[in-house]
$ cat data_9.csv   # CSV, C-alpha atoms
chain,number,residue,atom,x,y,z
A,15,MET,CA,0.0,0.0,0.0
A,16,ARG,CA,2.9,2.4,0.7
A,17,HIS,CA,3.6,2.3,-3.1
A,18,LEU,CA,0.1,3.5,-4.0
A,19,SER,CA,1.2,7.2,-4.1
A,20,THR,CA,4.1,6.3,-6.4
A,21,VAL,CA,1.7,4.4,-8.8
A,22,ILE,CA,-0.8,7.3,-8.8
A,23,GLY,CA,1.8,9.9,-9.4
A,24,SER,CA,3.5,7.8,-12.2
A,25,ALA,CA,0.2,7.2,-13.9
A,26,ILE,CA,-0.7,10.9,-14.0
A,27,CYS,CA,2.8,11.8,-15.2
A,28,GLY,CA,2.8,9.2,-18.0
A,29,ALA,CA,-0.7,10.0,-19.1
A,30,LEU,CA,0.0,13.7,-19.2
A,31,CYS,CA,3.1,13.3,-21.2
A,32,PHE,CA,1.6,11.1,-23.9
A,33,GLY,CA,-1.8,12.6,-23.8
A,34,ILE,CA,-0.6,16.1,-24.9
A,35,TRP,CA,3.0,15.8,-26.1
A,36,PRO,CA,2.4,14.2,-29.5
A,37,GLU,CA,-0.5,16.5,-30.2
A,38,MET,CA,1.4,19.6,-29.2
A,39,TRP,CA,4.3,18.6,-31.3
A,40,LYS,CA,2.2,17.8,-34.4
A,41,SER,CA,0.3,21.1,-34.0
A,42,TYR,CA,3.1,23.5,-33.2
A,43,GLY,CA,6.2,21.7,-34.2
A,44,ILE,CA,9.4,22.0,-32.3
A,45,MET,CA,8.2,24.9,-30.2
A,46,GLY,CA,5.1,22.8,-29.2
A,47,GLY,CA,7.4,20.1,-27.9
A,48,TRP,CA,9.5,22.6,-25.9
A,49,ILE,CA,6.4,24.2,-24.4
A,50,THR,CA,5.0,20.8,-23.5
A,51,ALA,CA,8.1,20.0,-21.6
A,52,ALA,CA,7.8,23.3,-19.7
A,53,ILE,CA,4.2,22.9,-18.8
A,54,ALA,CA,3.8,19.1,-18.3
A,55,ILE,CA,7.1,18.1,-16.9
A,56,SER,CA,7.2,21.1,-14.6
A,57,ILE,CA,3.9,20.4,-12.9
A,58,CYS,CA,4.6,16.6,-12.8
A,59,TRP,CA,8.0,17.3,-11.2
A,60,TYR,CA,6.4,19.7,-8.7
A,61,MET,CA,3.9,17.0,-7.7
A,62,ASN,CA,6.1,13.9,-7.9
A,63,HIS,CA,9.4,15.2,-6.6
A,64,TRP,CA,8.8,18.5,-4.8
A,65,MET,CA,5.7,17.3,-3.0
A,66,GLY,CA,7.1,13.8,-2.9
A,67,ILE,CA,4.2,11.8,-4.4
A,68,ILE,CA,6.8,9.4,-5.8
A,69,ARG,CA,8.4,8.0,-2.7
A,70,ASN,CA,12.0,8.8,-2.3
A,71,PRO,CA,13.1,8.4,1.3
A,72,PRO,CA,16.3,10.4,2.2
A,73,GLY,CA,19.6,8.5,1.7
A,74,ARG,CA,18.2,6.1,-0.8
A,75,ILE,CA,18.7,5.6,-4.5
A,76,TRP,CA,16.7,8.2,-6.4
A,77,VAL,CA,13.7,6.9,-8.3
A,78,ASP,CA,12.9,9.4,-11.0
A,79,GLN,CA,9.6,10.0,-12.8
A,80,GLY,CA,11.5,9.2,-15.9
A,81,TRP,CA,10.7,5.5,-15.2
A,82,ALA,CA,7.0,6.4,-15.4
A,83,VAL,CA,7.5,8.4,-18.7
A,84,SER,CA,9.5,5.5,-20.2
A,85,ALA,CA,6.9,2.9,-19.3
A,86,ALA,CA,4.1,5.1,-20.4
A,87,GLY,CA,5.6,5.7,-23.8
A,88,ILE,CA,6.0,2.0,-24.5
A,89,ALA,CA,2.5,1.1,-23.1
A,90,TRP,CA,0.9,4.0,-25.0
A,91,ALA,CA,2.4,3.0,-28.3
A,92,MET,CA,1.6,-0.7,-27.7
A,93,VAL,CA,-2.1,0.1,-27.1
A,94,ARG,CA,-2.5,2.9,-29.6
A,95,PHE,CA,-0.5,1.6,-32.6
A,96,ASP,CA,-0.3,-2.1,-31.9
A,97,ALA,CA,3.5,-1.8,-31.6
A,98,ARG,CA,5.5,-4.8,-30.4
A,99,PHE,CA,7.5,-4.6,-27.3
A,100,ARG,CA,10.5,-6.5,-28.6
A,101,HIS,CA,11.0,-3.8,-31.2
A,102,ALA,CA,11.7,-1.3,-28.5
A,103,VAL,CA,14.4,-3.4,-26.8
A,104,PRO,CA,17.5,-2.3,-28.8
A,105,VAL,CA,16.8,1.4,-28.4
A,106,LEU,CA,15.8,0.8,-24.7
A,107,ILE,CA,19.2,-0.8,-24.1
A,108,CYS,CA,20.9,2.1,-25.8
A,109,CYS,CA,19.0,4.6,-23.6
A,110,LEU,CA,19.8,2.6,-20.4
A,111,LEU,CA,23.4,2.4,-21.4
A,112,GLY,CA,23.7,6.1,-22.2
A,113,GLY,CA,22.0,7.0,-18.9
A,114,ALA,CA,24.2,4.7,-16.9
A,115,LEU,CA,27.3,6.2,-18.6
A,116,ALA,CA,26.0,9.6,-17.6
A,117,GLY,CA,25.4,8.5,-14.0
A,118,ALA,CA,29.0,7.2,-13.8
A,119,ALA,CA,30.4,10.3,-15.4
A,120,ALA,CA,28.4,12.6,-13.1
A,121,ASN,CA,29.7,10.6,-10.2
A,122,LYS,CA,33.3,11.1,-11.3
A,123,VAL,CA,32.8,14.8,-12.0
A,124,ASN,CA,31.1,15.3,-8.6
A,125,ARG,CA,34.0,13.7,-6.8
A,126,GLN,CA,36.5,15.8,-8.7
A,127,ARG,CA,34.5,19.0,-8.0
A,128,SER,CA,34.1,18.2,-4.3
A,129,ASP,CA,37.9,17.4,-4.1
A,130,SER,CA,38.9,20.7,-5.7
A,131,GLN,CA,36.4,22.6,-3.5
A,132,GLU,CA,37.8,21.0,-0.4
A,133,SER,CA,41.4,21.8,-1.4
A,134,THR,CA,40.5,25.4,-2.2
A,135,ALA,CA,38.6,25.7,1.1
A,136,ALA,CA,41.7,24.2,2.9
A,137,GLY,CA,43.9,26.6,1.0
A,138,GLU,CA,41.8,29.6,2.1
A,139,ALA,CA,41.7,28.4,5.7
A,140,GLU,CA,45.5,28.2,5.6
A,141,LYS,CA,45.7,31.7,4.1
A,142,SER,CA,43.5,33.2,6.8
A,143,ALA,CA,45.4,31.3,9.4
A,144,HIS,CA,48.7,32.9,8.1
A,145,ALA,CA,47.0,36.3,8.1
B,13,MET,CA,32.8,4.1,-43.9
B,14,LEU,CA,30.0,6.6,-43.0
B,15,GLU,CA,27.8,5.0,-45.7
B,16,TRP,CA,28.2,1.6,-44.2
B,17,THR,CA,27.5,2.7,-40.6
B,18,ALA,CA,24.4,4.6,-41.8
B,19,GLN,CA,23.0,1.4,-43.3
B,20,TYR,CA,19.8,0.1,-41.7
B,21,LEU,CA,20.3,-3.3,-40.0
B,22,PRO,CA,17.0,-5.2,-39.8
B,23,SER,CA,18.3,-7.4,-37.0
B,24,ILE,CA,18.5,-4.5,-34.5
B,25,GLY,CA,16.1,-2.2,-36.2
B,26,MET,CA,18.5,0.6,-36.5
B,27,SER,CA,21.8,1.5,-38.2
B,28,PRO,CA,25.1,1.4,-36.3
B,29,VAL,CA,25.3,5.2,-36.4
B,30,SER,CA,21.9,5.4,-34.7
B,31,VAL,CA,23.4,3.4,-31.8
B,32,VAL,CA,26.0,6.1,-31.4
B,33,THR,CA,23.5,9.0,-31.6
B,34,THR,CA,21.0,7.3,-29.3
B,35,VAL,CA,23.7,6.6,-26.6
B,36,PHE,CA,25.1,10.1,-26.9
B,37,GLY,CA,21.6,11.7,-26.7
B,38,ALA,CA,20.8,9.6,-23.7
B,39,PHE,CA,24.1,10.5,-22.1
B,40,ALA,CA,23.8,14.2,-22.7
B,41,VAL,CA,20.4,14.7,-21.3
B,42,SER,CA,21.0,12.5,-18.3
B,43,PHE,CA,24.3,14.2,-17.4
B,44,VAL,CA,22.8,17.6,-17.5
B,45,ALA,CA,19.8,16.6,-15.5
B,46,ILE,CA,21.9,14.9,-12.8
B,47,VAL,CA,24.4,17.7,-12.5
B,48,CYS,CA,22.1,20.7,-12.8
B,49,TRP,CA,18.7,19.8,-11.6
B,50,ARG,CA,19.5,19.5,-7.9
B,51,LYS,CA,21.6,22.6,-7.9
B,52,LEU,CA,18.8,24.6,-9.6
B,53,VAL,CA,16.4,23.5,-6.9
B,54,GLU,CA,18.9,24.4,-4.2
B,55,ASP,CA,19.4,27.9,-5.8
B,56,PHE,CA,15.8,28.8,-6.7
B,57,GLY,CA,13.6,26.4,-4.8
B,58,PRO,CA,10.6,24.8,-6.4
B,59,ALA,CA,10.6,27.5,-9.1
B,60,GLY,CA,14.1,26.3,-10.1
B,61,GLY,CA,12.8,22.8,-10.5
B,62,MET,CA,9.9,23.9,-12.7
B,63,LEU,CA,12.3,26.1,-14.7
B,64,ALA,CA,14.6,23.1,-15.1
B,65,ALA,CA,11.8,21.1,-16.6
B,66,GLY,CA,11.6,23.7,-19.4
B,67,ILE,CA,15.2,24.5,-20.0
B,68,ILE,CA,16.6,21.0,-19.5
B,69,ILE,CA,13.9,18.6,-20.6
B,70,GLY,CA,12.4,21.0,-23.2
B,71,THR,CA,15.7,21.9,-24.8
B,72,PHE,CA,17.0,18.3,-24.9
B,73,TRP,CA,13.6,17.1,-26.2
B,74,VAL,CA,14.3,19.2,-29.3
B,75,MET,CA,17.7,17.5,-29.6
B,76,ASN,CA,16.6,14.0,-28.9
B,77,HIS,CA,13.0,13.6,-30.0
B,78,LYS,CA,12.1,16.1,-32.8
B,79,LEU,CA,10.9,14.4,-36.0
B,80,PRO,CA,10.3,16.2,-39.3
B,81,GLY,CA,7.1,16.5,-41.1
B,82,PHE,CA,4.8,18.1,-38.5
B,83,GLY,CA,4.0,21.4,-37.1
B,84,ILE,CA,3.7,25.0,-38.2
B,85,HIS,CA,6.4,24.7,-40.9
B,86,PRO,CA,6.7,21.0,-41.7
B,87,GLU,CA,8.5,21.8,-44.9
B,88,GLY,CA,11.2,23.6,-42.8
B,89,LEU,CA,13.3,20.5,-43.0
B,90,PRO,CA,13.4,19.5,-46.6
B,91,HIS,CA,14.4,15.9,-47.4
B,92,PRO,CA,15.1,15.5,-51.1
B,93,ASP,CA,15.6,11.7,-51.3
B,94,GLY,CA,12.6,10.7,-49.2
B,95,GLY,CA,12.9,7.7,-47.0
B,96,ASN,CA,12.4,7.4,-43.3
B,97,LYS,CA,15.0,9.5,-41.7
B,98,GLN,CA,14.5,11.0,-38.3
B,99,PHE,CA,16.4,14.0,-36.9
B,100,GLY,CA,16.2,13.4,-33.2
B,101,LEU,CA,19.3,11.8,-31.6
B,102,ILE,CA,17.3,9.0,-30.0
B,103,TYR,CA,16.3,6.8,-32.8
B,104,GLN,CA,12.8,5.2,-32.8
B,105,GLY,CA,13.6,1.7,-33.8
B,106,PHE,CA,12.4,-0.4,-36.8
B,107,LYS,CA,11.8,2.8,-38.8
B,108,GLY,CA,9.5,4.2,-36.2
B,109,ALA,CA,7.4,1.0,-35.8
B,110,SER,CA,8.7,0.3,-32.4
B,111,PRO,CA,7.0,1.5,-29.2
B,112,TRP,CA,8.1,5.1,-28.3
B,113,VAL,CA,11.3,5.0,-26.3
B,114,ASP,CA,11.5,8.2,-24.3
B,115,MET,CA,14.6,9.9,-23.0
B,116,GLY,CA,13.0,9.6,-19.5
B,117,THR,CA,14.4,6.1,-19.6
B,118,ALA,CA,17.9,7.5,-19.8
B,119,ILE,CA,17.3,10.1,-17.1
B,120,ALA,CA,15.8,7.6,-14.7
B,121,ALA,CA,18.6,5.1,-15.4
B,122,GLY,CA,21.2,7.9,-14.9
B,123,PHE,CA,19.8,9.0,-11.6
B,124,TRP,CA,19.6,5.4,-10.4
B,125,PHE,CA,23.1,4.6,-11.3
B,126,PHE,CA,24.4,7.9,-10.0
B,127,GLY,CA,22.7,7.1,-6.6
B,128,PHE,CA,24.1,3.6,-6.8
B,129,LEU,CA,27.7,4.9,-7.2
B,130,GLU,CA,27.3,7.7,-4.6
B,131,ALA,CA,26.4,5.0,-1.9
B,132,LYS,CA,29.2,3.5,0.2
B,133,LYS,CA,30.6,0.3,-1.2
B,134,GLY,CA,29.0,-2.1,1.3
B,135,GLN,CA,25.6,-0.5,1.1
B,136,ARG,CA,25.2,-0.5,-2.7
B,137,ILE,CA,23.5,-3.9,-3.1
B,138,PRO,CA,21.0,-3.4,-0.2
B,139,LEU,CA,20.1,0.0,-1.4
B,140,ALA,CA,19.6,-1.2,-5.0
B,141,ILE,CA,17.4,-4.0,-3.8
B,142,GLU,CA,15.4,-1.5,-1.7
B,143,SER,CA,14.8,0.7,-4.7
B,144,LEU,CA,13.5,-2.1,-6.9
B,145,PRO,CA,9.9,-2.1,-5.6
B,146,ARG,CA,9.7,1.7,-5.9
B,147,ILE,CA,11.0,1.5,-9.5
B,148,ALA,CA,8.4,-1.3,-10.2
B,149,ALA,CA,5.7,0.9,-8.8
B,150,ALA,CA,6.7,3.8,-11.0
B,151,VAL,CA,6.9,1.5,-14.1
B,152,VAL,CA,3.5,0.0,-13.3
B,153,GLY,CA,1.9,3.4,-12.7
B,154,GLY,CA,3.4,4.8,-15.9
B,155,ALA,CA,2.2,1.8,-17.9
B,156,ILE,CA,-1.3,2.2,-16.5
B,157,GLY,CA,-1.4,5.9,-17.4
B,158,GLY,CA,0.1,5.4,-20.9
B,159,ALA,CA,-2.2,2.5,-21.7
B,160,ILE,CA,-5.3,4.4,-20.7
B,161,VAL,CA,-4.2,7.4,-22.9
B,162,GLY,CA,-3.5,4.9,-25.7
B,163,LEU,CA,-7.1,3.7,-25.5
B,164,VAL,CA,-8.5,7.0,-26.9
B,165,GLY,CA,-7.1,5.9,-30.2
B,166,TRP,CA,-9.8,3.2,-30.2
B,167,THR,CA,-12.6,5.2,-28.8
B,168,GLY,CA,-12.5,8.9,-29.4
B,169,ALA,CA,-10.6,9.0,-32.6
B,170,ASN,CA,-12.9,6.7,-34.6
B,171,LEU,CA,-15.9,9.0,-33.9
B,172,PHE,CA,-14.2,11.3,-36.3
B,173,GLY,CA,-13.3,8.7,-38.9
B,174,TYR,CA,-9.6,8.5,-37.9
B,175,ARG,CA,-7.9,5.2,-37.4
$ encode --input "data_9.csv" --output "structure tokens"
Amino acid sequence: MRHLSTVIGSAICGALCFGIWPEMWKSYGIMGGWITAAIAISICWYMNHWMGIIRNPPGRIWVDQGWAVSAAGIAWAMVRFDARFRHAVPVLICCLLGGALAGAAANKVNRQRSDSQESTAAGEAEKSAHA
Amino acid sequence: MLEWTAQYLPSIGMSPVSVVTTVFGAFAVSFVAIVCWRKLVEDFGPAGGMLAAGIIIGTFWVMNHKLPGFGIHPEGLPHPDGGNKQFGLIYQGFKGASPWVDMGTAIAAGFWFFGFLEAKKGQRIPLAIESLPRIAAAVVGGAIGGAIVGLVGWTGANLFGYR
């Protein structure tokens, strides 16, 4: 039962994305897609991550609403266009791989940044100690 | 060389060069979201998060998911030799016949793997196992929402003679 709020928030986010995104893009082109991100993702983020409808206890691995959008895109196309799931697998693997690479890279970059910040902070502390 | 890598391979539903563009598009949007989103929220509060939705997701949507042939100026991207070519970095497999693969997959996987690596070495596996039911809930919820939206193709649309 404690996952109920996650399911509800994900369902709304997924439905909102694929209910309006394709239509906005087909009507207004590239600017329609951009505006949809600004209006749909922003309110979904506010509900799911700022209000915490998708459960993310502190100190745990972050579960993003991207999982919901991803699942919704596949389910939407399977129902709407009779698409086959196995056709999505190669691109899905590429996306997961790219995302994981980005996670690893961000982790490395974060460590470097915190190291350099610590060293500059230590340097400044040393300077002020000398002064 | 480029010609060979751009050739469509039916076995994987995309060309080798599409693998490169898909992985790079997924990498780019995930990296920016992981690095910048939290900081934007720290700096500007909830408004920063809502701003990030537009300036990160919206901008990278244009890079990853735009497709020619629709919109106010569909002729804005002329394509002399026809064929099925898509201009977003994330390729939609099997010449667009595959279910829609969204860059949300990449962002979610990126945040998950980032959190996995940020955890201390001994705690990684328990934390990963703890996150699995929450991911499953998000996936199930998203699938419910997406499938229900997909149903309108079979109900509302045929009122107006569309398929």
$ residues_around --input "data_9.csv" --residues "Met15 (chain A)" --least-positions-apart "3" --cutoff "12 Å" --atoms "all atoms listed in the file" --output "NGL selection string"
(:A and (18-22 or 69)) or (:B and (145-146 or 149))
$ atom_distance --input "data_9.csv" --atom1 "CA of Ala120 (chain B)" --atom2 "CA of Gly80 (chain A)"
4.7 Å
$ closest_residue --input "data_9.csv" --among "B:Ile137, B:Ala18, B:Val29, B:Val47" --to "chain A" --atoms "only C-alpha atoms"
B:Val47
$ interface_residues --input "data_9.csv" --of "chain B" --to "chain A" --cutoff "6 Å" --atoms "all atoms listed in the file" --output "MDAnalysis selection string"
chainID B and resid 35 38:39 42:43 62 65:66 70 82:84 110:112 114 116:122 124:127 149:151 153:159 161:162 165
$ atom_distance --input "data_9.csv" --atom1 "CA of Cys48 (chain B)" --atom2 "CA of Ile68 (chain B)"
8.7 Å
$ atom_distance --input "data_9.csv" --atom1 "CA of Trp73 (chain B)" --atom2 "CA of Met115 (chain B)"
7.9 Å
$ residues_around --input "data_9.csv" --residues "Asn76 (chain B)" --least-positions-apart "5" --cutoff "10 Å" --atoms "all atoms listed in the file" --output "list in words"
Thr33, Thr34, Phe36, Gly37, Ala38, Ala40, Val41, Ile69, Gly70, Thr71, Phe99, Gly100, Leu101, Ile102, Tyr103, Asp114 and Met115 of chain B
